[in-house]
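Chemist: Let me give you the structure first, and then I'll get to my questions.
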Amino acid sequence: MSVTLLIEQLLNGVQLGTMLFLMASGLTLVFGVMGLINLAHGSFYMVGAYATAAVTASTGSFLIGLSAGIAAAALAGALVELIVIRRLYHRPHLDQVLATFALILIFSEGTRWIFGSSPLLLSPPSWLTGFVTLPGDTRYPIYRLMLIGVGIAISIALYLLISRTRLGMRIRAGESDREMIGALGVNISKLYTLVFALGAGLAGLAGALVGALQSVQVGMGEPVLILAFVVIVIGGIGSIKGALFGALLVGIVDTLGRVYLPIFFRAFMPPSEATGVGAALAAMLIYILMAVILAFKPKGLFSAHD
Amino acid sequence: MSDVVLSLQKLYKRFGALQATDDVSLELRAGEIHALIGPNGAGKSTLIGQIAGNIRPDEGSVYLAGCEITGMSIAQRARLGLGRSFQVSSLAEPLSVMRNVMMGVQALQSHSFRFWKPVARDRQLLDPAYAALERMQLSHRAWTPMYELSHGERRQVEVACALALKPRALLLDEPMAGLGPEGSAKLTELLEALKLEVPILLIEHDMEAVFRLADRISVLVSGSVIAHGDSQAIRQDPRVREAYLGDSDA
Amino acid sequence: MTNTTSMSKNSALSNNSARGVADGAEASKASSHFNRKGLVQMALLGLLLLLPVAAYFSGQIYYVNLASRITIIAMAAVGLNLAIGYGGMVSFGHAAYFGLGGYVAGISAYHAFDFTPFMTWPFSVPGSDNLLVVWLVAAVLCALLALAIGAISLRTTGVYFIMITLAFAQMIYYFANSWPTYGGEDGLPIYIRNTLPLVDSSNALTYFLICFTGLVLAMAITSRLMKSRFGAALTMACLNDVRLATAGINPYPIRLVAFVISAAITGLAGALYADLNGFVSPAMLSWHFSGELMVIVILGGVGRLYGPLAGAVLFVMMETLLGGFTQYWQLFLGLVLLGVVLFAKHGVMGWLAGRERNE
């Protein structure tokens, strides 16, 4: 059955990777276009999940809930950009880190205040529960497969948006030369708000989708945020392609590591010890991967900025 | 020629489609000021980068006092005696003039992993730094913070910082940029007095200063040296006239 | 080309923090400012020393321990301030050193309590409940960890540096979380506080005085360091690293050594903290704590000797007062922090003691 396990875990890895991509693409766009490091990106993930859970609970429709979640996250993103973030573009990174750290505190405690400390319930709609049988007799949850599909669809949409549309052209111009798009007469502040809201909306989508799989609670965005940081550091900050590659790499390595490292250590250690060692090493695996990549390419694999 | 201090041999550097440095060979000899001129975009900055160490050439080598420095870091080159100034003044603004100049003295004396003795009373650091400032007639400003200095004085501090390294060669990147006629004249005078002690590779836009100071001039256009000679020869060189008339509105 | 752009990015990053650095050699220019600044500093340190003593003799042990907490957190922030404020290295992973220091105290006590060796191969290492041993090991291990993390992270600048230090700290956090031997996510209790020869470390006031000594030493070392040749080079690396290289000093080893010293100071504070609380857990390693340390440094005034102390006092006060008033006190902390970052860039010490010269 090891082939079945491998296929299943590979799919889990890809699924984690696609969700990481939704987070990382927004982060990397915001850095690439505005030069801003945003710690509060995980908060939009959380906002998306909470809004989806709340609206799904009151309307009974997951789809309406999901749309509300994306909208809420994008709206939160736009508001945050208008009120706080735009004062930070010309500030040193230290100020950006602190201000967005402050935003995390505000968002997290604010959410706890409104919704309480216990997790909200959000489950996939009934038409997405159940399993499909894949070649090789692997049974795989439909919902997770759907997440992979959504991830792929968003990647393609994002690619088209950036390479084919007017907005994408401006984003690319902004990445290569911030002064230039000003000179082209593009309304930069509107573009920035839009890009920021887009990134926040994608984070909200990821939060809602993953929230139905795990649980919707305060602080849920933070582990994902840090994984997304690892992703964009590996991929090269500012590069969407790097974010996609990095996300899949991190997703697959992390998932496979957690499954196979304990198995590997069981080959020459007592099982209880092997589980401990394997789990501890698996938890460190992607960071070691990051360190190795940085040792050779300090600016990541696909750096857009030299 | 044994008195060659700095020598560039067949340097090439390409950025994508742009051949920024194309077979450049240059020599700086003891006791001279060698000026490097050229229109904007001629590749002067790239060439300076390769001498100073922040750009690696694709091919070719750089020698300082007979020692190959092509693969060395900026700091190693400096300790070997390559002093440079920047086109855009790049001093630590909140610090005093002295603290800026002292850095080079400190680098020469030993490693900087000395954690205890305060620098503010360290005569071993202060005296040579004073001497360098005196050479640039600025010792009276030693304890003034950089940001209170005039533009011309900053230019002088830049050179003093380089002098603190007891350099074998000076690389001055547009030291006259932004100076009025008075400041320019003063710096010209100071540099002229300096050249017997330290040869200078001077990159400069101010043609008046160049023609007055330079013993030899090289003209860089599109990455290669198109002409070479004393100021008389350069003034009359048709290719130089063409390059300048074609490229600038002068 | 690559080199120059990355370097100039880094100096842009450190512009803010660099402002405070300037007072080093310009001591001769000290103006009337000195009196107010000196007074505020003396008052801060004096109150921190005297209030707990008064509290102790009126039986208020809670306040003595609160003062110890402030002191230890201030010391951790002094370490971070050396990296951020004086070195321009925005480390978002100093919890790693704080937590490692804490785990050294915890693990050492655990083995001493059990009479089991920490390791048997290749040689036997027993646990120890001697604070001097704990501190030495904590400082050395934190320095080694920082050497490894710094060696990789300092190859990058700007946002990369921030994210990578964060990621490495997170790595240690997850490791501690999933390593079952020392309690995993539940943490590890220290049943009996580690001891010192001659004095009784389990006495609250004595332990406060130990912590206070640690803080004062850390500040004295920082101050002395920044006036030395090393400090001069570090200041220049922070303000303008191209200038430093042009002057013949390679910025990388200077930064690395400063980073290592900074981590060792924070690690010592972590060891003190674990013994204060009688408990160490992955929370000490969490990125929230890294963030809070940064907040403390900024609240106090970045790159100022007394900034971390002022920041720690303010932070713990807010935590205690607001925390008693509402369980959502971090919401208000967030608002205050946002206000400080956006509008009051010089921190508490800037406000109390006047701006540093040359701003």
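Just remember, in the structure tokens the first chain shown is A, the second B, etc., residues are 1-based per chain, and ligands are 1-based in the order shown.
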Enumerate, in order of chain and increasing residue number, the residues of chain A with an atom no farther than 9 Å from chain C, each with its shortest atom pair and distance in Å to one decimal, counting only C-alpha atoms, as JSON lines.
Modeler:
{"residue": "A:Leu36", "atom": "CA", "partner": "C:Val159", "partner_atom": "CA", "distance": 8.7}
{"residue": "A:Ile37", "atom": "CA", "partner": "C:Val159", "partner_atom": "CA", "distance": 6.8}
{"residue": "A:Val84", "atom": "CA", "partner": "C:Leu342", "partner_atom": "CA", "distance": 8.4}
{"residue": "A:Arg87", "atom": "CA", "partner": "C:Leu342", "partner_atom": "CA", "distance": 7.5}
{"residue": "A:Leu88", "atom": "CA", "partner": "C:Leu342", "partner_atom": "CA", "distance": 8.0}
{"residue": "A:Arg91", "atom": "CA", "partner": "C:Leu13", "partner_atom": "CA", "distance": 8.4}
{"residue": "A:Pro92", "atom": "CA", "partner": "C:Leu13", "partner_atom": "CA", "distance": 4.8}
{"residue": "A:His93", "atom": "CA", "partner": "C:Leu13", "partner_atom": "CA", "distance": 5.7}
{"residue": "A:Leu94", "atom": "CA", "partner": "C:Val90", "partner_atom": "CA", "distance": 6.6}
{"residue": "A:Asp95", "atom": "CA", "partner": "C:Val341", "partner_atom": "CA", "distance": 6.2}
{"residue": "A:Gln96", "atom": "CA", "partner": "C:Val341", "partner_atom": "CA", "distance": 8.5}
{"residue": "A:Val97", "atom": "CA", "partner": "C:Ile162", "partner_atom": "CA", "distance": 8.7}
{"residue": "A:Leu98", "atom": "CA", "partner": "C:Val295", "partner_atom": "CA", "distance": 6.8}
{"residue": "A:Ala99", "atom": "CA", "partner": "C:Leu338", "partner_atom": "CA", "distance": 5.2}
{"residue": "A:Thr100", "atom": "CA", "partner": "C:Leu338", "partner_atom": "CA", "distance": 8.2}
{"residue": "A:Phe101", "atom": "CA", "partner": "C:Gly291", "partner_atom": "CA", "distance": 7.1}
{"residue": "A:Ala102", "atom": "CA", "partner": "C:Gly334", "partner_atom": "CA", "distance": 4.2}
{"residue": "A:Leu103", "atom": "CA", "partner": "C:Gly334", "partner_atom": "CA", "distance": 6.4}
{"residue": "A:Ile104", "atom": "CA", "partner": "C:Gly334", "partner_atom": "CA", "distance": 7.7}
{"residue": "A:Leu105", "atom": "CA", "partner": "C:Gly334", "partner_atom": "CA", "distance": 5.2}
{"residue": "A:Ile106", "atom": "CA", "partner": "C:Leu331", "partner_atom": "CA", "distance": 4.6}
{"residue": "A:Phe107", "atom": "CA", "partner": "C:Leu331", "partner_atom": "CA", "distance": 7.8}
{"residue": "A:Ser108", "atom": "CA", "partner": "C:Leu331", "partner_atom": "CA", "distance": 7.8}
{"residue": "A:Glu109", "atom": "CA", "partner": "C:Leu331", "partner_atom": "CA", "distance": 5.3}
{"residue": "A:Gly110", "atom": "CA", "partner": "C:Leu331", "partner_atom": "CA", "distance": 6.6}
{"residue": "A:Arg112", "atom": "CA", "partner": "C:Tyr328", "partner_atom": "CA", "distance": 7.9}
{"residue": "A:Trp113", "atom": "CA", "partner": "C:Tyr328", "partner_atom": "CA", "distance": 7.1}
{"residue": "A:Ile226", "atom": "CA", "partner": "C:Ala167", "partner_atom": "CA", "distance": 6.8}
{"residue": "A:Leu227", "atom": "CA", "partner": "C:Ala167", "partner_atom": "CA", "distance": 8.2}
{"residue": "A:Phe229", "atom": "CA", "partner": "C:Met163", "partner_atom": "CA", "distance": 6.3}
{"residue": "A:Val230", "atom": "CA", "partner": "C:Ala167", "partner_atom": "CA", "distance": 6.6}
{"residue": "A:Val233", "atom": "CA", "partner": "C:Tyr160", "partner_atom": "CA", "distance": 6.6}
{"residue": "A:Ile237", "atom": "CA", "partner": "C:Tyr160", "partner_atom": "CA", "distance": 8.0}
{"residue": "A:Gly276", "atom": "CA", "partner": "C:Trp179", "partner_atom": "CA", "distance": 5.9}
{"residue": "A:Val277", "atom": "CA", "partner": "C:Trp179", "partner_atom": "CA", "distance": 7.0}
{"residue": "A:Ala279", "atom": "CA", "partner": "C:Ser178", "partner_atom": "CA", "distance": 6.2}
{"residue": "A:Ala280", "atom": "CA", "partner": "C:Ser178", "partner_atom": "CA", "distance": 5.0}
{"residue": "A:Leu281", "atom": "CA", "partner": "C:Phe175", "partner_atom": "CA", "distance": 7.1}
{"residue": "A:Ala282", "atom": "CA", "partner": "C:Phe175", "partner_atom": "CA", "distance": 8.7}
{"residue": "A:Ala283", "atom": "CA", "partner": "C:Tyr174", "partner_atom": "CA", "distance": 5.8}
{"residue": "A:Met284", "atom": "CA", "partner": "C:Met171", "partner_atom": "CA", "distance": 5.2}
{"residue": "A:Leu285", "atom": "CA", "partner": "C:Met171", "partner_atom": "CA", "distance": 8.4}
{"residue": "A:Ile286", "atom": "CA", "partner": "C:Met171", "partner_atom": "CA", "distance": 8.5}
{"residue": "A:Tyr287", "atom": "CA", "partner": "C:Met171", "partner_atom": "CA", "distance": 6.1}
{"residue": "A:Ile288", "atom": "CA", "partner": "C:Met171", "partner_atom": "CA", "distance": 8.4}
{"residue": "A:Met290", "atom": "CA", "partner": "C:Ile164", "partner_atom": "CA", "distance": 8.6}
{"residue": "A:Ala291", "atom": "CA", "partner": "C:Ile152", "partner_atom": "CA", "distance": 7.1}
{"residue": "A:Leu294", "atom": "CA", "partner": "C:Ile152", "partner_atom": "CA", "distance": 7.3}
{"residue": "A:Ala295", "atom": "CA", "partner": "C:Ile152", "partner_atom": "CA", "distance": 6.4}
{"residue": "A:Pro298", "atom": "CA", "partner": "C:Thr156", "partner_atom": "CA", "distance": 5.9}
{"residue": "A:Lys299", "atom": "CA", "partner": "C:Thr156", "partner_atom": "CA", "distance": 7.2}
{"residue": "A:Asp306", "atom": "CA", "partner": "C:Thr2", "partner_atom": "CA", "distance": 5.9}
Chemist: Now that the selection is made, can you save its residues with N, CA and C atoms as a short mmCIF file (atom, residue, chain, number, x, y, z; two decimals), in the first residue's frame?
Modeler:
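Saved the output as out-v5.cif:
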data_model
loop_
_atom_site.label_atom_id
_atom_site.label_comp_id
_atom_site.auth_asym_id
_atom_site.auth_seq_id
_atom_site.Cartn_x
_atom_site.Cartn_y
_atom_site.Cartn_z
N LEU A 36 6.71 46.57 0.49
CA LEU A 36 6.24 46.54 1.88
C LEU A 36 6.25 45.12 2.42
N ILE A 37 6.75 44.97 3.64
CA ILE A 37 6.65 43.67 4.30
C ILE A 37 5.43 43.71 5.21
N VAL A 84 -3.72 52.65 7.24
CA VAL A 84 -2.39 52.48 7.84
C VAL A 84 -1.27 52.30 6.82
N ARG A 87 0.81 54.89 4.80
CA ARG A 87 1.77 55.75 5.52
C ARG A 87 3.12 55.08 5.67
N LEU A 88 3.19 53.81 5.29
CA LEU A 88 4.40 53.03 5.59
C LEU A 88 5.30 52.78 4.39
N ARG A 91 8.67 54.16 4.64
CA ARG A 91 9.31 53.96 5.94
C ARG A 91 10.29 52.79 5.87
N PRO A 92 11.23 52.75 6.81
CA PRO A 92 12.14 51.59 6.85
C PRO A 92 11.35 50.32 7.17
N HIS A 93 11.95 49.19 6.81
CA HIS A 93 11.27 47.92 7.02
C HIS A 93 10.93 47.70 8.49
N LEU A 94 11.78 48.23 9.37
CA LEU A 94 11.54 48.05 10.80
C LEU A 94 10.17 48.63 11.18
N ASP A 95 9.87 49.82 10.69
CA ASP A 95 8.57 50.44 10.98
C ASP A 95 7.43 49.60 10.40
N GLN A 96 7.65 49.09 9.19
CA GLN A 96 6.62 48.27 8.56
C GLN A 96 6.33 47.03 9.39
N VAL A 97 7.41 46.39 9.85
CA VAL A 97 7.24 45.19 10.67
C VAL A 97 6.44 45.52 11.93
N LEU A 98 6.81 46.61 12.59
CA LEU A 98 6.15 46.92 13.85
C LEU A 98 4.70 47.31 13.65
N ALA A 99 4.45 48.14 12.65
CA ALA A 99 3.07 48.58 12.42
C ALA A 99 2.19 47.39 12.04
N THR A 100 2.71 46.50 11.20
CA THR A 100 1.87 45.38 10.82
C THR A 100 1.78 44.35 11.94
N PHE A 101 2.79 44.31 12.80
CA PHE A 101 2.68 43.48 14.00
C PHE A 101 1.56 44.02 14.89
N ALA A 102 1.52 45.36 14.99
CA ALA A 102 0.43 45.99 15.76
C ALA A 102 -0.92 45.62 15.16
N LEU A 103 -1.00 45.59 13.83
CA LEU A 103 -2.26 45.22 13.16
C LEU A 103 -2.66 43.79 13.53
N ILE A 104 -1.68 42.89 13.62
CA ILE A 104 -2.00 41.51 14.01
C ILE A 104 -2.66 41.51 15.38
N LEU A 105 -2.04 42.25 16.32
CA LEU A 105 -2.60 42.28 17.68
C LEU A 105 -4.03 42.81 17.63
N ILE A 106 -4.24 43.88 16.86
CA ILE A 106 -5.56 44.49 16.80
C ILE A 106 -6.58 43.52 16.18
N PHE A 107 -6.19 42.91 15.07
CA PHE A 107 -7.10 41.97 14.40
C PHE A 107 -7.39 40.76 15.29
N SER A 108 -6.35 40.19 15.88
CA SER A 108 -6.55 38.97 16.66
C SER A 108 -7.43 39.24 17.88
N GLU A 109 -7.06 40.29 18.63
CA GLU A 109 -7.83 40.56 19.85
C GLU A 109 -9.22 41.05 19.49
N GLY A 110 -9.33 41.82 18.41
CA GLY A 110 -10.64 42.28 17.97
C GLY A 110 -11.54 41.10 17.63
N ARG A 112 -11.21 38.05 18.72
CA ARG A 112 -11.52 37.32 19.96
C ARG A 112 -12.64 38.02 20.71
N TRP A 113 -12.60 39.34 20.68
CA TRP A 113 -13.63 40.13 21.35
C TRP A 113 -15.01 39.84 20.74
N ILE A 226 3.97 32.35 8.40
CA ILE A 226 5.41 32.09 8.48
C ILE A 226 5.83 31.10 7.40
N LEU A 227 4.96 30.10 7.13
CA LEU A 227 5.25 29.20 6.00
C LEU A 227 5.31 30.00 4.70
N PHE A 229 6.18 33.05 4.36
CA PHE A 229 7.46 33.76 4.34
C PHE A 229 8.56 32.84 3.82
N VAL A 230 8.58 31.62 4.35
CA VAL A 230 9.59 30.67 3.89
C VAL A 230 9.44 30.47 2.38
N VAL A 233 10.73 33.55 0.51
CA VAL A 233 12.19 33.67 0.64
C VAL A 233 12.86 32.65 -0.29
N ILE A 237 11.77 37.08 -3.32
CA ILE A 237 10.70 38.02 -2.98
C ILE A 237 10.33 38.85 -4.20
N GLY A 276 9.52 10.39 17.83
CA GLY A 276 9.91 11.68 18.36
C GLY A 276 10.95 12.37 17.50
N VAL A 277 12.01 11.64 17.19
CA VAL A 277 13.09 12.22 16.38
C VAL A 277 12.57 12.61 15.01
N ALA A 279 9.50 13.29 14.07
CA ALA A 279 8.58 14.42 14.10
C ALA A 279 9.35 15.72 14.29
N ALA A 280 10.35 15.70 15.18
CA ALA A 280 11.10 16.92 15.45
C ALA A 280 11.87 17.36 14.21
N LEU A 281 12.49 16.37 13.55
CA LEU A 281 13.24 16.72 12.34
C LEU A 281 12.31 17.19 11.23
N ALA A 282 11.14 16.52 11.12
CA ALA A 282 10.18 16.90 10.08
C ALA A 282 9.74 18.34 10.27
N ALA A 283 9.58 18.74 11.55
CA ALA A 283 9.14 20.11 11.82
C ALA A 283 10.20 21.11 11.35
N MET A 284 11.46 20.68 11.33
CA MET A 284 12.53 21.61 10.95
C MET A 284 12.88 21.54 9.46
N LEU A 285 12.31 20.53 8.80
CA LEU A 285 12.79 20.20 7.45
C LEU A 285 12.76 21.38 6.47
N ILE A 286 11.61 22.07 6.40
CA ILE A 286 11.54 23.14 5.40
C ILE A 286 12.47 24.30 5.72
N TYR A 287 12.75 24.49 7.02
CA TYR A 287 13.66 25.58 7.38
C TYR A 287 15.09 25.21 6.98
N ILE A 288 15.40 23.91 7.13
CA ILE A 288 16.71 23.46 6.68
C ILE A 288 16.81 23.62 5.16
N MET A 290 15.25 25.79 3.40
CA MET A 290 15.42 27.22 3.14
C MET A 290 16.88 27.63 3.35
N ALA A 291 17.48 27.15 4.45
CA ALA A 291 18.87 27.51 4.74
C ALA A 291 19.79 27.05 3.63
N LEU A 294 19.30 29.21 0.57
CA LEU A 294 19.87 30.54 0.75
C LEU A 294 21.39 30.53 0.74
N ALA A 295 21.96 29.41 1.22
CA ALA A 295 23.41 29.33 1.22
C ALA A 295 23.94 29.44 -0.21
N PRO A 298 21.36 33.55 -2.14
CA PRO A 298 20.87 34.40 -1.05
C PRO A 298 19.63 35.20 -1.42
N LYS A 299 19.33 35.35 -2.69
CA LYS A 299 18.14 36.12 -3.05
C LYS A 299 17.00 35.23 -3.52
N ASP A 306 17.15 42.45 -7.91
CA ASP A 306 18.51 41.92 -7.83
C ASP A 306 19.14 42.18 -6.49
#
Chemist: Tell me, which residues of range 103-255 of chain A carry DSSP helix (DSSP H, G or I), written as a ChimeraX atom specification?
Modeler: /A:103-115,126-128,142-164,166-176,178-183,188-211,221-235,240-255
Chemist: Each residue of chain B lying at most 7 Å from chain C should get a row with its shortest atom-to-atom pair and the distance in Å to one decimal, counting only C-alpha atoms; could you produce that, ordered by chain and increasing number, as a Markdown table?
Modeler:
| residue | atom | partner | partner_atom | distance |
| --- | --- | --- | --- | --- |
| B:Asn54 | CA | C:Asn3 | CA | 6.0 |
| B:Ile55 | CA | C:Met1 | CA | 5.8 |
| B:Ile74 | CA | C:Ala245 | CA | 5.7 |
| B:Ala75 | CA | C:Gly248 | CA | 3.9 |
| B:Gln76 | CA | C:Gly248 | CA | 6.1 |
| B:Ala78 | CA | C:Gly248 | CA | 4.6 |
| B:Arg79 | CA | C:Gly248 | CA | 5.0 |
| B:Ser90 | CA | C:Arg243 | CA | 6.7 |
| B:Leu91 | CA | C:Arg243 | CA | 6.7 |
| B:Ala92 | CA | C:Leu239 | CA | 5.9 |
| B:Pro94 | CA | C:Asn358 | CA | 5.7 |
| B:Leu95 | CA | C:Ala22 | CA | 5.8 |
| B:Met103 | CA | C:Ala247 | CA | 5.9 |
| B:Gly104 | CA | C:Ala247 | CA | 4.4 |
| B:Ala107 | CA | C:Gly248 | CA | 5.4 |
| B:Ser112 | CA | C:Phe230 | CA | 5.2 |
| B:Phe113 | CA | C:Phe230 | CA | 5.3 |
| B:Arg114 | CA | C:Phe230 | CA | 5.5 |
| B:Phe115 | CA | C:Ser228 | CA | 5.3 |
| B:Trp116 | CA | C:Ser228 | CA | 5.5 |
| B:Lys117 | CA | C:Ser228 | CA | 5.3 |
| B:Pro118 | CA | C:Ser228 | CA | 4.3 |
| B:Val119 | CA | C:Ser228 | CA | 5.4 |
| B:Ala120 | CA | C:Ala25 | CA | 5.4 |
Chemist: For N, CA and C atoms, I'd like the residues from the last selection saved as a PDB file, in the first residue's frame.
Modeler:
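Output below, filename part24.pdb:
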ATOM      1  N   ASN B  54      33.181  46.594  -6.380  1.00  0.00           N
ATOM      2  CA  ASN B  54      31.782  46.195  -6.236  1.00  0.00           C
ATOM      3  C   ASN B  54      31.207  45.570  -7.510  1.00  0.00           C
ATOM      4  N   ILE B  55      31.981  45.565  -8.595  1.00  0.00           N
ATOM      5  CA  ILE B  55      31.565  44.844  -9.802  1.00  0.00           C
ATOM      6  C   ILE B  55      32.723  43.943 -10.227  1.00  0.00           C
ATOM      7  N   ILE B  74      35.978  44.772  -1.616  1.00  0.00           N
ATOM      8  CA  ILE B  74      36.183  46.216  -1.513  1.00  0.00           C
ATOM      9  C   ILE B  74      37.134  46.524  -0.360  1.00  0.00           C
ATOM     10  N   ALA B  75      36.889  45.865   0.778  1.00  0.00           N
ATOM     11  CA  ALA B  75      37.674  46.162   1.976  1.00  0.00           C
ATOM     12  C   ALA B  75      39.140  45.758   1.804  1.00  0.00           C
ATOM     13  N   GLN B  76      39.364  44.605   1.170  1.00  0.00           N
ATOM     14  CA  GLN B  76      40.747  44.158   0.949  1.00  0.00           C
ATOM     15  C   GLN B  76      41.502  45.156   0.079  1.00  0.00           C
ATOM     16  N   ALA B  78      40.903  48.260  -0.255  1.00  0.00           N
ATOM     17  CA  ALA B  78      41.146  49.493   0.496  1.00  0.00           C
ATOM     18  C   ALA B  78      42.376  49.322   1.385  1.00  0.00           C
ATOM     19  N   ARG B  79      42.480  48.182   2.057  1.00  0.00           N
ATOM     20  CA  ARG B  79      43.611  47.983   2.954  1.00  0.00           C
ATOM     21  C   ARG B  79      44.930  47.888   2.185  1.00  0.00           C
ATOM     22  N   SER B  90      28.936  59.984   0.249  1.00  0.00           N
ATOM     23  CA  SER B  90      28.397  58.845   0.981  1.00  0.00           C
ATOM     24  C   SER B  90      29.066  58.736   2.319  1.00  0.00           C
ATOM     25  N   LEU B  91      28.916  59.763   3.123  1.00  0.00           N
ATOM     26  CA  LEU B  91      29.508  59.735   4.446  1.00  0.00           C
ATOM     27  C   LEU B  91      28.402  59.506   5.456  1.00  0.00           C
ATOM     28  N   ALA B  92      28.800  59.093   6.647  1.00  0.00           N
ATOM     29  CA  ALA B  92      27.803  58.846   7.680  1.00  0.00           C
ATOM     30  C   ALA B  92      27.397  60.182   8.281  1.00  0.00           C
ATOM     31  N   PRO B  94      25.194  61.464  10.535  1.00  0.00           N
ATOM     32  CA  PRO B  94      25.040  61.878  11.934  1.00  0.00           C
ATOM     33  C   PRO B  94      26.366  61.935  12.679  1.00  0.00           C
ATOM     34  N   LEU B  95      27.407  61.333  12.136  1.00  0.00           N
ATOM     35  CA  LEU B  95      28.680  61.286  12.849  1.00  0.00           C
ATOM     36  C   LEU B  95      29.521  62.510  12.551  1.00  0.00           C
ATOM     37  N   MET B 103      37.793  55.868  10.375  1.00  0.00           N
ATOM     38  CA  MET B 103      37.524  54.487   9.963  1.00  0.00           C
ATOM     39  C   MET B 103      38.695  53.886   9.187  1.00  0.00           C
ATOM     40  N   GLY B 104      39.219  54.668   8.251  1.00  0.00           N
ATOM     41  CA  GLY B 104      40.316  54.165   7.436  1.00  0.00           C
ATOM     42  C   GLY B 104      41.573  53.914   8.261  1.00  0.00           C
ATOM     43  N   ALA B 107      41.166  50.730  10.087  1.00  0.00           N
ATOM     44  CA  ALA B 107      41.302  49.545   9.232  1.00  0.00           C
ATOM     45  C   ALA B 107      42.768  49.208   8.994  1.00  0.00           C
ATOM     46  N   SER B 112      39.312  45.064  13.707  1.00  0.00           N
ATOM     47  CA  SER B 112      38.455  45.951  14.489  1.00  0.00           C
ATOM     48  C   SER B 112      37.795  45.238  15.656  1.00  0.00           C
ATOM     49  N   PHE B 113      38.250  44.021  15.963  1.00  0.00           N
ATOM     50  CA  PHE B 113      37.622  43.318  17.081  1.00  0.00           C
ATOM     51  C   PHE B 113      38.311  43.690  18.378  1.00  0.00           C
ATOM     52  N   ARG B 114      38.315  44.998  18.645  1.00  0.00           N
ATOM     53  CA  ARG B 114      38.836  45.505  19.909  1.00  0.00           C
ATOM     54  C   ARG B 114      37.653  46.143  20.596  1.00  0.00           C
ATOM     55  N   PHE B 115      37.313  45.569  21.753  1.00  0.00           N
ATOM     56  CA  PHE B 115      36.024  45.872  22.349  1.00  0.00           C
ATOM     57  C   PHE B 115      36.096  46.842  23.521  1.00  0.00           C
ATOM     58  N   TRP B 116      37.259  47.170  23.991  1.00  0.00           N
ATOM     59  CA  TRP B 116      37.324  47.851  25.268  1.00  0.00           C
ATOM     60  C   TRP B 116      37.717  49.318  25.201  1.00  0.00           C
ATOM     61  N   LYS B 117      38.840  49.622  24.566  1.00  0.00           N
ATOM     62  CA  LYS B 117      39.363  50.992  24.644  1.00  0.00           C
ATOM     63  C   LYS B 117      38.495  51.958  23.833  1.00  0.00           C
ATOM     64  N   PRO B 118      38.049  53.041  24.446  1.00  0.00           N
ATOM     65  CA  PRO B 118      37.215  53.993  23.708  1.00  0.00           C
ATOM     66  C   PRO B 118      38.008  54.692  22.599  1.00  0.00           C
ATOM     67  N   VAL B 119      37.401  54.847  21.453  1.00  0.00           N
ATOM     68  CA  VAL B 119      38.101  55.493  20.344  1.00  0.00           C
ATOM     69  C   VAL B 119      38.266  56.985  20.581  1.00  0.00           C
ATOM     70  N   ALA B 120      37.357  57.575  21.367  1.00  0.00           N
ATOM     71  CA  ALA B 120      37.358  59.031  21.502  1.00  0.00           C
ATOM     72  C   ALA B 120      38.657  59.553  22.117  1.00  0.00           C
TER      73      ALA B 120
END
Chemist: Which value, in Å to one decimal, gives the distance between CA of Phe302 in chain A and CA of Leu16 in chain A?
Modeler: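 These atoms are spaced 20.7 Å apart.
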Chemist: Check range 21-266 of chain C with DSSP on the backbone and list each residue it calls strand (DSSP E), as a PDB file with C-alpha atoms, in the first residue's frame.
Modeler:
ATOM      1  CA  PRO C 117      23.065  12.582  32.775  1.00  0.00           C
ATOM      2  CA  PHE C 118      22.145  14.998  29.981  1.00  0.00           C
ATOM      3  CA  MET C 119      24.077  12.835  27.594  1.00  0.00           C
ATOM      4  CA  VAL C 125      27.509  15.348  30.788  1.00  0.00           C
ATOM      5  CA  PRO C 126      25.554  15.596  34.018  1.00  0.00           C
ATOM      6  CA  LEU C 188       9.281  21.829  31.390  1.00  0.00           C
ATOM      7  CA  PRO C 189       8.953  22.788  35.058  1.00  0.00           C
TER       8      PRO C 189
END
Chemist: Tell me which protein, DNA and RNA residues are within 7 Å of range 186-201 of chain B, counting only C-alpha atoms, leaving out same-chain ones fewer than 4 positions away, and put them as a list in words.
Modeler: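 Non-adjacent residues within range: Leu28, Arg29, Ala30, Gly31, Glu32, Ile33, His34, Ala35, Met136, Pro167, Arg168, Ala169, Leu170, Leu171, Leu172, Glu182, Ala209 and Leu213 of chain B.
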Chemist: Using only C-alpha atoms, which residues sit within 7 Å of Ser286 in chain C once same-chain residues fewer than 3 positions away are excluded, as a ChimeraX atom specification?
Modeler: /C:95,170,173,282-283,289-290
Chemist: Output the selection as a short mmCIF file (atom, residue, chain, number, x, y, z; two decimals), in the first residue's frame - C-alpha atoms for each residue.
Modeler:
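Below is the file that was written, out39.cif:
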data_model
loop_
_atom_site.label_atom_id
_atom_site.label_comp_id
_atom_site.auth_asym_id
_atom_site.auth_seq_id
_atom_site.Cartn_x
_atom_site.Cartn_y
_atom_site.Cartn_z
CA ALA C 95 12.99 34.60 20.93
CA GLN C 170 10.31 29.30 14.13
CA TYR C 173 10.15 26.69 18.16
CA PRO C 282 7.95 26.82 23.72
CA ALA C 283 6.10 30.10 24.35
CA PHE C 289 7.82 37.03 21.89
CA SER C 290 10.28 38.06 19.18
#
